[in-house]
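What follows is one structure encoded as structure tokens, with my remarks underneath.
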Amino acid sequence: FIRHAANAALGVSLLPNPLFAAPKTTGPFQKNFCDNVIFLYMKGGMSHVDTFDPKTTNVKGLSSPIRTKSPDLRISNLLPKLAQQAHHLAVVRSMTVRTGAHAEASYAMHTGFSMRPGTSHPHMGSWAQRFLGKRKHDLPDSVIVSGGNPGPGFFPPDHSPFPIGDPQKGIRDLLPKIPKHRFDKRVRLARRFAKAFEKYFPHEDVKAYSDFYDQTIRFFKGEAAEAFDLNKEPRQMRARYGEDPFGQGCLLARRLVEKGVRYVEVKFKKSWDVMHRGMTAVEDLAATLDGPFSELLKDLQSRGLLKRTLVVLATEFGRSPKINQSGGRDHHPKVFSCVFAGGGVKGGQAIGKTDPNGQAATGETYRPKNLHATMGHALGLPLDERIHGSG
């Protein structure tokens, strides 16, 4: 009873409510679970009016709605290739977040929680590892491409995502720049010191860090590192995804889930912050997104992976429908769009609506916690379990 009361008072619920709580027959999921998640993050705040919620009023900028492969869904003419994949897409047009600050909104979109002093919440890949276990002995369970390393939150070190800076380099920049015999000697010395420390401080966090260290050494010395080498892909395949880091990141994500990595995030290298830039910047950003995202869906489909891989496109907030004096769009946390595809999602639909100017939602709204609950539900995680964070 005491433990339950402490968890209720001090712990955090994994994910409060799924984004789509309707029965399977009417909700977006045709199946309950998937095996993998690819999270495509559009940093800087993607303009919904110029992408997945286009308008015909005077806020439209360079964008206009076009027909897609789904009769029930129209998206921007700046995304013509994705229009041909729209039968896979479930576009959520009534997302909202409480803050218009980049760091706070990004944190919420990556964790499902608001920032709290003294607490760091895990990302979805770490949650999945916590409840489902590590899938591959010699591969990380989650990877972040072009986005740094947020750490494991309040979980042990071995729950931390594996960071890849440049998808085209893979782990080359992380490998030791010394001969193998010298590297092995350093490892033996490090382990000798570590054993003495572990003897006098037999704490579970110390053991967790030591185990994580050993796993990293095995990874660098084993064949698993080849999963991160895009040179193993045919040149024609790499060209299909394009030369931009985002395109190569999408290719790496497909390669990693194919090899057994459960969760991969790919961050958009360019910024969607067009506050002080004209609409031509949005045109360039949309083109950079359009090809790789559509290619990823086609590639996953052709390999039989799309049904078991949930692809999520998210951003921290939207952009104001009204174009400002600089010819750009300001921060707009009130409403924006996110996208689901694959993983049992019922595609070809829009969930939620906005007014004719894209200023506000006209019905039910959804928050970051709902987006994460949906990913957790798709992976089969226990959404109602409470975990006590150690701070």
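Numbering starts fresh at 1 for the residues of each chain in the structure tokens, the chains themselves are lettered A, B, ... in the order given, and ligands are numbered from 1 as they appear.
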
> Leaving out stretch 86-88 of chain A and any residue of its chain fewer than 3 positions from it, which residues lie within 6 Å of it when counting only C-alpha atoms, given as number ranges by chain?
Replying inline: A: 68-70, 83, 341, 347-348

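For stretch 89-287 of chain A, backbone-based DSSP assignment of strand (DSSP E) covers Leu89, Ala90, Val91, Val92, Arg93, Ser94, Met95, Ser142, Val143, Ile144, Val145, Phe162, Pro163, Ile164, Tyr263, Val264, Glu265, Val266 and Lys267 of chain A.
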
Report as a short mmCIF file (atom, residue, chain, number, x, y, z; two decimals) with C-alpha atoms, in the first residue's frame all protein, DNA and RNA residues lying within 10 Å of A:Val37, evaluated on only C-alpha atoms, omitting residues in the same chain fewer than 2 positions from it.
data_model
loop_
_atom_site.label_atom_id
_atom_site.label_comp_id
_atom_site.auth_asym_id
_atom_site.auth_seq_id
_atom_site.Cartn_x
_atom_site.Cartn_y
_atom_site.Cartn_z
CA CYS A 34 3.65 -2.89 -34.18
CA ASP A 35 7.28 -3.93 -33.80
CA PHE A 39 10.07 9.10 -35.43
CA LEU A 40 10.74 11.89 -37.94
CA MET A 124 9.80 6.53 -26.21
CA GLY A 125 12.71 4.28 -27.14
CA SER A 142 16.99 2.94 -29.82
CA ALA A 253 16.36 4.31 -40.14
CA VAL A 257 14.70 -1.36 -38.07
CA VAL A 261 16.56 -1.74 -33.76
CA ARG A 262 13.16 -1.04 -32.22
CA TYR A 263 13.05 2.78 -32.18
CA VAL A 264 14.82 5.26 -34.48
CA GLU A 265 14.44 9.02 -34.47
CA ARG A 308 4.89 -3.59 -38.47
CA THR A 309 6.65 -0.21 -38.43
CA LEU A 310 4.86 2.89 -37.19
CA VAL A 311 6.23 6.03 -38.87
CA VAL A 312 5.48 9.27 -37.01
CA GLY A 342 2.22 2.25 -41.25
CA GLY A 343 2.19 0.17 -38.08
CA MET A 375 3.04 5.19 -30.01
CA GLY A 376 3.08 3.33 -26.70
CA ALA A 378 1.01 0.60 -30.90
CA LEU A 379 4.12 -0.97 -29.33
#

>> If DSSP is run on the backbone, what residues of stretch 82-276 of chain A are alpha helix (DSSP H)? A reply as a ChimeraX atom specification would be ideal.
In response: /A:82-83,102-111,124-132,180-200,204-221,235-241,245-259

Requested write-out: C-alpha atoms of the selected residues, as an mmCIF file, in the first residue's frame:
data_model
loop_
_atom_site.group_PDB
_atom_site.id
_atom_site.type_symbol
_atom_site.label_atom_id
_atom_site.label_comp_id
_atom_site.auth_asym_id
_atom_site.auth_seq_id
_atom_site.Cartn_x
_atom_site.Cartn_y
_atom_site.Cartn_z
ATOM 1 C CA LEU A 82 3.694 12.388 -50.469
ATOM 2 C CA ALA A 83 0.342 12.999 -52.155
ATOM 3 C CA HIS A 102 11.267 25.877 -28.764
ATOM 4 C CA ALA A 103 13.053 24.007 -25.957
ATOM 5 C CA GLU A 104 9.980 23.441 -23.779
ATOM 6 C CA ALA A 105 7.735 22.444 -26.690
ATOM 7 C CA SER A 106 10.372 20.113 -28.136
ATOM 8 C CA TYR A 107 10.788 18.444 -24.738
ATOM 9 C CA ALA A 108 7.029 17.869 -24.536
ATOM 10 C CA MET A 109 6.881 16.447 -28.064
ATOM 11 C CA HIS A 110 9.776 14.082 -27.324
ATOM 12 C CA THR A 111 8.607 12.837 -23.933
ATOM 13 C CA MET A 124 9.796 6.533 -26.210
ATOM 14 C CA GLY A 125 12.714 4.277 -27.140
ATOM 15 C CA SER A 126 13.782 4.098 -23.503
ATOM 16 C CA TRP A 127 10.214 3.401 -22.348
ATOM 17 C CA ALA A 128 9.947 0.553 -24.849
ATOM 18 C CA GLN A 129 13.225 -0.982 -23.668
ATOM 19 C CA ARG A 130 12.067 -0.683 -20.048
ATOM 20 C CA PHE A 131 8.848 -2.647 -20.644
ATOM 21 C CA LEU A 132 9.723 -4.904 -23.586
ATOM 22 C CA LYS A 180 43.502 -2.339 -31.782
ATOM 23 C CA HIS A 181 46.216 -3.631 -29.413
ATOM 24 C CA ARG A 182 46.452 -0.254 -27.674
ATOM 25 C CA PHE A 183 42.674 0.033 -27.448
ATOM 26 C CA ASP A 184 42.442 -3.447 -25.868
ATOM 27 C CA LYS A 185 45.144 -2.516 -23.352
ATOM 28 C CA ARG A 186 43.234 0.591 -22.317
ATOM 29 C CA VAL A 187 40.047 -1.433 -21.916
ATOM 30 C CA ARG A 188 41.819 -3.938 -19.630
ATOM 31 C CA LEU A 189 43.205 -1.112 -17.480
ATOM 32 C CA ALA A 190 39.821 0.578 -17.261
ATOM 33 C CA ARG A 191 38.145 -2.666 -16.199
ATOM 34 C CA ARG A 192 40.788 -3.235 -13.522
ATOM 35 C CA PHE A 193 40.056 0.162 -11.960
ATOM 36 C CA ALA A 194 36.312 -0.385 -12.322
ATOM 37 C CA LYS A 195 36.360 -3.692 -10.425
ATOM 38 C CA ALA A 196 37.907 -2.018 -7.375
ATOM 39 C CA PHE A 197 35.288 0.735 -7.439
ATOM 40 C CA GLU A 198 32.423 -1.757 -7.865
ATOM 41 C CA LYS A 199 33.683 -3.770 -4.896
ATOM 42 C CA TYR A 200 33.460 -0.851 -2.482
ATOM 43 C CA GLU A 204 22.790 -0.965 -8.782
ATOM 44 C CA ASP A 205 23.499 2.291 -10.661
ATOM 45 C CA VAL A 206 27.229 1.534 -10.606
ATOM 46 C CA LYS A 207 26.589 -1.958 -11.970
ATOM 47 C CA ALA A 208 24.242 -0.562 -14.640
ATOM 48 C CA TYR A 209 26.911 1.867 -15.844
ATOM 49 C CA SER A 210 29.539 -0.888 -15.870
ATOM 50 C CA ASP A 211 27.263 -3.158 -17.900
ATOM 51 C CA PHE A 212 26.560 -0.332 -20.342
ATOM 52 C CA TYR A 213 30.305 0.248 -20.734
ATOM 53 C CA ASP A 214 30.871 -3.443 -21.490
ATOM 54 C CA GLN A 215 28.023 -3.471 -24.039
ATOM 55 C CA THR A 216 29.548 -0.471 -25.813
ATOM 56 C CA ILE A 217 32.946 -2.188 -26.061
ATOM 57 C CA ARG A 218 31.358 -5.337 -27.506
ATOM 58 C CA PHE A 219 29.417 -3.219 -29.999
ATOM 59 C CA PHE A 220 32.520 -1.432 -31.312
ATOM 60 C CA LYS A 221 34.424 -4.713 -31.674
ATOM 61 C CA ARG A 235 24.318 3.195 -54.781
ATOM 62 C CA GLN A 236 20.976 3.344 -56.566
ATOM 63 C CA MET A 237 19.122 2.934 -53.263
ATOM 64 C CA ARG A 238 21.087 5.756 -51.648
ATOM 65 C CA ALA A 239 20.317 7.989 -54.617
ATOM 66 C CA ARG A 240 16.592 7.311 -54.261
ATOM 67 C CA TYR A 241 16.627 8.836 -50.787
ATOM 68 C CA PRO A 245 21.286 14.326 -44.439
ATOM 69 C CA PHE A 246 17.574 13.879 -43.746
ATOM 70 C CA GLY A 247 17.186 11.543 -46.716
ATOM 71 C CA GLN A 248 20.226 9.501 -45.750
ATOM 72 C CA GLY A 249 18.922 9.478 -42.175
ATOM 73 C CA CYS A 250 15.634 7.983 -43.377
ATOM 74 C CA LEU A 251 17.561 5.311 -45.268
ATOM 75 C CA LEU A 252 19.592 4.548 -42.145
ATOM 76 C CA ALA A 253 16.357 4.308 -40.139
ATOM 77 C CA ARG A 254 14.976 1.720 -42.564
ATOM 78 C CA ARG A 255 18.239 -0.194 -42.418
ATOM 79 C CA LEU A 256 18.280 -0.173 -38.609
ATOM 80 C CA VAL A 257 14.695 -1.364 -38.073
ATOM 81 C CA GLU A 258 15.360 -4.053 -40.671
ATOM 82 C CA LYS A 259 18.356 -5.169 -38.557
#

>> Calculated over only C-alpha atoms, which of the candidates A:Val345, A:Ala225, A:Leu89, A:Met275 has the smallest distance to A:His377?
In response: A:Val345
